[in-house]
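Here is the structure we will look at, set down as structure tokens.
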Amino acid sequence: AVDVRGAAPGTRETDLLDPANLVDKVHAVVLSGGSAFGLDAASGVVRWLNERGIGFETGHGRVPIVPAAVLFDLPVVRPGDDPMARPGADAGYAACEAASSQPPAAGNVGAGAGACVGKLFGLDRCMKGGIGHASVRVGPWVVGALVACNAVGDVIDPATGKVLAGARTADGQHLLDTQRALLAGERGNRPLPGTNTTIGVVATNATLTKAQAKRLAMSAHDGLARSIRPAHTTLDGDTLFAMATGTEAGPVDLMLLTVMAAEATALATVDAIRQARSITTQWGDVPAALDWAN
């Protein structure tokens with residue numbers, strides 16, 4: 001299933017995930033940078049799956065089902081990089097080749113490579129975002145989350161309410177607190193709609209229907225609302241997928257799973273920020289939360 005809360009999403013194959021529609025299984029999910037160009041990475045994943053006979057049986061061959069979501073990171077160009085570099089089908093294929101059962105990398109990798117947060121007052125005052133992951137276990141149930149955070153808002157620690165990374169003051173030396181600044185009447189250089197976005201996947205070992213998976217995706221967005229401030233804005237395309245592996249066949253406590261999904265998503269968003277590292281771009285240095293850690 002999928003749930004889209006931002007007003008400017010970049011997605012592929014999401015209509016198919018509606019509980020009213022036919023296919024009840026996907027064979028991969030792609031999270032990518034590169035704006036709409038990054039959606040082409042899913043084509044490489046489809047090719048990799050097709051070569052291995054993995055897909056939806058049509059009677060005339062198997063068709064891999066690969067939903068995707070992208071975030072906008074095109075302005076993030078480091079000195080010496082090709083400004084026209086885009087993640088395409090070859091990158092998606094390579095990601096499949098590199099996949100393993102080891103814990104995934106975090107920070108400035110994959111969809112998190114060009115992610116930044118706190119952009120409402122200009123790129124020159126933002127901080128580095130990234131990709132992160134977390135999991136929550138209660139009894140036999142496990143819910144994991146993988147989140148690439150490229151929000152226009154700030155990322156906060158839900159446990160303390162402290163801003164971890166986001167818009168900085170005009171001198172670049174302190175955190176501004178975007179929500180507080182907005183409520184105090186401050187206005188900055190608003191980014192274009194769709195130039196932000198947090199995307200991710202939550203997955204559980206439970207056995208779910210498509211409708212139950214939809215509830216999981218919806219509740220996972222509560223985790224974004226706890227860890228990003230403001231979240232789900234008109235300038236973001238926040239999109240979360242939900243999947244169930246079905247390896248745990250016992251009766252489902254959906255309420256518990258939705259609570260776990262929100263918690264795992266919030267923790268993964270914070271992990272994305274804590275794992276991020278500072279970079280130098282064409283407009284200047286972009287610090288990470290790690291640089292300012294106490």
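Starting from 1 in every chain, residues are counted up; chains themselves are A, B, ... following the order of the structure tokens, and ligands are numbered from 1 as listed.
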Please report, as JSON, numbers by chain, each residue of region 36-197 of chain A to which DSSP assigns alpha helix (DSSP H) when run on this structure's backbone. {"A": [41, 42, 43, 44, 45, 46, 47, 48, 49, 50, 51, 89, 90, 91, 92, 93, 94, 95, 96, 97, 98, 178, 179, 180, 181, 182, 183]}
Write out, as a compact mmCIF listing (two decimals), in the first residue's frame, the residues just selected, with C-alpha atoms.
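Once written, part.txt looks like this:
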```txt
# COMPACT_ATOMS: atom_id res chain seq x y z
CA ALA A 41 15.69 3.81 -11.70
CA ALA A 42 12.62 1.57 -11.31
CA SER A 43 13.07 0.45 -14.93
CA GLY A 44 16.43 -1.06 -14.00
CA VAL A 45 14.84 -2.89 -11.08
CA VAL A 46 12.14 -4.24 -13.40
CA ARG A 47 14.85 -5.48 -15.78
CA TRP A 48 16.76 -7.21 -12.95
CA LEU A 49 13.59 -8.94 -11.70
CA ASN A 50 12.51 -9.92 -15.21
CA GLU A 51 15.86 -11.62 -15.84
CA ALA A 89 17.87 2.49 -14.98
CA ASP A 90 21.50 1.41 -14.58
CA ALA A 91 21.53 2.75 -11.00
CA GLY A 92 18.37 0.78 -10.20
CA TYR A 93 19.87 -2.40 -11.64
CA ALA A 94 23.10 -1.84 -9.67
CA ALA A 95 21.10 -1.37 -6.47
CA CYS A 96 19.56 -4.82 -6.97
CA GLU A 97 22.99 -6.33 -7.57
CA ALA A 98 24.29 -4.74 -4.36
CA THR A 178 11.35 27.11 11.31
CA GLN A 179 7.95 26.60 12.93
CA ARG A 180 8.61 29.14 15.67
CA ALA A 181 9.90 31.62 13.09
CA LEU A 182 6.82 31.19 10.91
CA LEU A 183 4.46 31.64 13.85
```
Val66 (chain A) environment, 7 Å, only C-alpha atoms, sequence neighbours closer than 3 positions dropped, as a list of chain:residue names: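 Residues near the query, excluding close chain neighbours: A:Glu13, A:Val26, A:His27, A:Ala28, A:Val29, A:Ala42, A:Val46.
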Preceding selection exported with N, CA, C and O atoms as a PDB file, in the first residue's frame:
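To be explicit, this is the file written out as again-v7.pdb:
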```pdb
ATOM      1  N   GLU A  13       3.483   3.828 -10.266  1.00  0.00           N
ATOM      2  CA  GLU A  13       2.742   2.606  -9.916  1.00  0.00           C
ATOM      3  C   GLU A  13       1.986   2.707  -8.586  1.00  0.00           C
ATOM      4  O   GLU A  13       1.706   1.695  -7.961  1.00  0.00           O
ATOM      5  N   VAL A  26       3.816  -6.610  -4.484  1.00  0.00           N
ATOM      6  CA  VAL A  26       4.839  -5.918  -5.260  1.00  0.00           C
ATOM      7  C   VAL A  26       6.129  -6.731  -5.165  1.00  0.00           C
ATOM      8  O   VAL A  26       6.283  -7.563  -4.277  1.00  0.00           O
ATOM      9  N   HIS A  27       7.035  -6.477  -6.086  1.00  0.00           N
ATOM     10  CA  HIS A  27       8.271  -7.251  -6.136  1.00  0.00           C
ATOM     11  C   HIS A  27       9.493  -6.422  -5.758  1.00  0.00           C
ATOM     12  O   HIS A  27      10.569  -6.963  -5.531  1.00  0.00           O
ATOM     13  N   ALA A  28       9.303  -5.132  -5.654  1.00  0.00           N
ATOM     14  CA  ALA A  28      10.341  -4.224  -5.156  1.00  0.00           C
ATOM     15  C   ALA A  28       9.702  -2.863  -4.969  1.00  0.00           C
ATOM     16  O   ALA A  28       8.632  -2.579  -5.521  1.00  0.00           O
ATOM     17  N   VAL A  29      10.353  -2.026  -4.177  1.00  0.00           N
ATOM     18  CA  VAL A  29       9.982  -0.615  -4.051  1.00  0.00           C
ATOM     19  C   VAL A  29      11.256   0.195  -4.223  1.00  0.00           C
ATOM     20  O   VAL A  29      12.296  -0.154  -3.654  1.00  0.00           O
ATOM     21  N   ALA A  42      13.512   2.730 -11.434  1.00  0.00           N
ATOM     22  CA  ALA A  42      12.617   1.574 -11.306  1.00  0.00           C
ATOM     23  C   ALA A  42      12.680   0.683 -12.541  1.00  0.00           C
ATOM     24  O   ALA A  42      12.475  -0.541 -12.438  1.00  0.00           O
ATOM     25  N   VAL A  46      13.027  -3.369 -12.619  1.00  0.00           N
ATOM     26  CA  VAL A  46      12.142  -4.240 -13.402  1.00  0.00           C
ATOM     27  C   VAL A  46      12.964  -5.182 -14.278  1.00  0.00           C
ATOM     28  O   VAL A  46      12.670  -6.391 -14.374  1.00  0.00           O
TER      29      VAL A  46
END
```
I need the residues of region 48-244 of chain A that end up classed as strand (DSSP E or B) by DSSP on the backbone, written out as a ChimeraX atom specification. /A:56-57,62-63,68-70,107,116-117,127-128,130-138,141-149,154-156,163-165,168,175,198-206,228-229,239-244
Could you check the closest approach to Pro67 (chain A) for each of A:Ile131, A:Ala36, A:Ala213, A:Val30 and tell me which residue wins, using only C-alpha atoms?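 Smallest distance to Pro67 (chain A) is found for A:Val30.
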Residues of region 110-152 of chain A at most 12 Å from region 218-230 of chain A: nearest atom pair and distance in Å, only C-alpha atoms, as CSV:
```
residue,atom,partner,partner_atom,distance
A:Val117,CA,A:Ile228,CA,9.5
A:Gly118,CA,A:Arg229,CA,9.3
A:Lys119,CA,A:Pro230,CA,11.5
A:Leu120,CA,A:Pro230,CA,10.3
A:Gly129,CA,A:Ile228,CA,11.6
A:Ala134,CA,A:Gly223,CA,11.8
A:Val143,CA,A:Ala220,CA,10.3
A:Gly144,CA,A:Ala220,CA,10.5
A:Ala145,CA,A:Ala220,CA,8.8
A:Leu146,CA,A:Ala220,CA,11.0
A:Val147,CA,A:Leu224,CA,9.4
A:Ala148,CA,A:Leu224,CA,11.0
A:Cys149,CA,A:Ile228,CA,9.1
A:Asn150,CA,A:Ile228,CA,10.1
A:Ala151,CA,A:Ile228,CA,7.4
A:Val152,CA,A:Pro230,CA,7.8
```
Give me, please, the distance in Å between CA of Asp82 (chain A) and CA of Arg12 (chain A), quoted to one decimal.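 Separation between CA of Asp82 (chain A) and CA of Arg12 (chain A): 26.0 Å.
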I'd like the neighbourhood of Ala69 (chain A) as a PyMOL selection string, where a residue qualifies if any of its atoms comes within 6 Å (using only C-alpha atoms), though same-chain residues fewer than 2 positions away should be ignored. chain A and resi 10-11+31
Include N, CA, C and O atoms and write out the residues we just selected as a PDB file, in the first residue's frame.
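Result saved to out_9.pdb:
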```pdb
ATOM      1  N   GLY A  10       6.355  12.759  -6.388  1.00  0.00           N
ATOM      2  CA  GLY A  10       6.858  12.183  -7.632  1.00  0.00           C
ATOM      3  C   GLY A  10       6.836  10.677  -7.470  1.00  0.00           C
ATOM      4  O   GLY A  10       7.615  10.129  -6.691  1.00  0.00           O
ATOM      5  N   THR A  11       5.927   9.993  -8.174  1.00  0.00           N
ATOM      6  CA  THR A  11       5.695   8.578  -7.904  1.00  0.00           C
ATOM      7  C   THR A  11       5.462   7.789  -9.190  1.00  0.00           C
ATOM      8  O   THR A  11       5.196   8.338 -10.256  1.00  0.00           O
ATOM      9  N   LEU A  31      13.202   3.882  -3.872  1.00  0.00           N
ATOM     10  CA  LEU A  31      13.316   5.245  -3.354  1.00  0.00           C
ATOM     11  C   LEU A  31      14.532   5.873  -4.022  1.00  0.00           C
ATOM     12  O   LEU A  31      15.619   5.296  -3.988  1.00  0.00           O
TER      13      LEU A  31
END
```
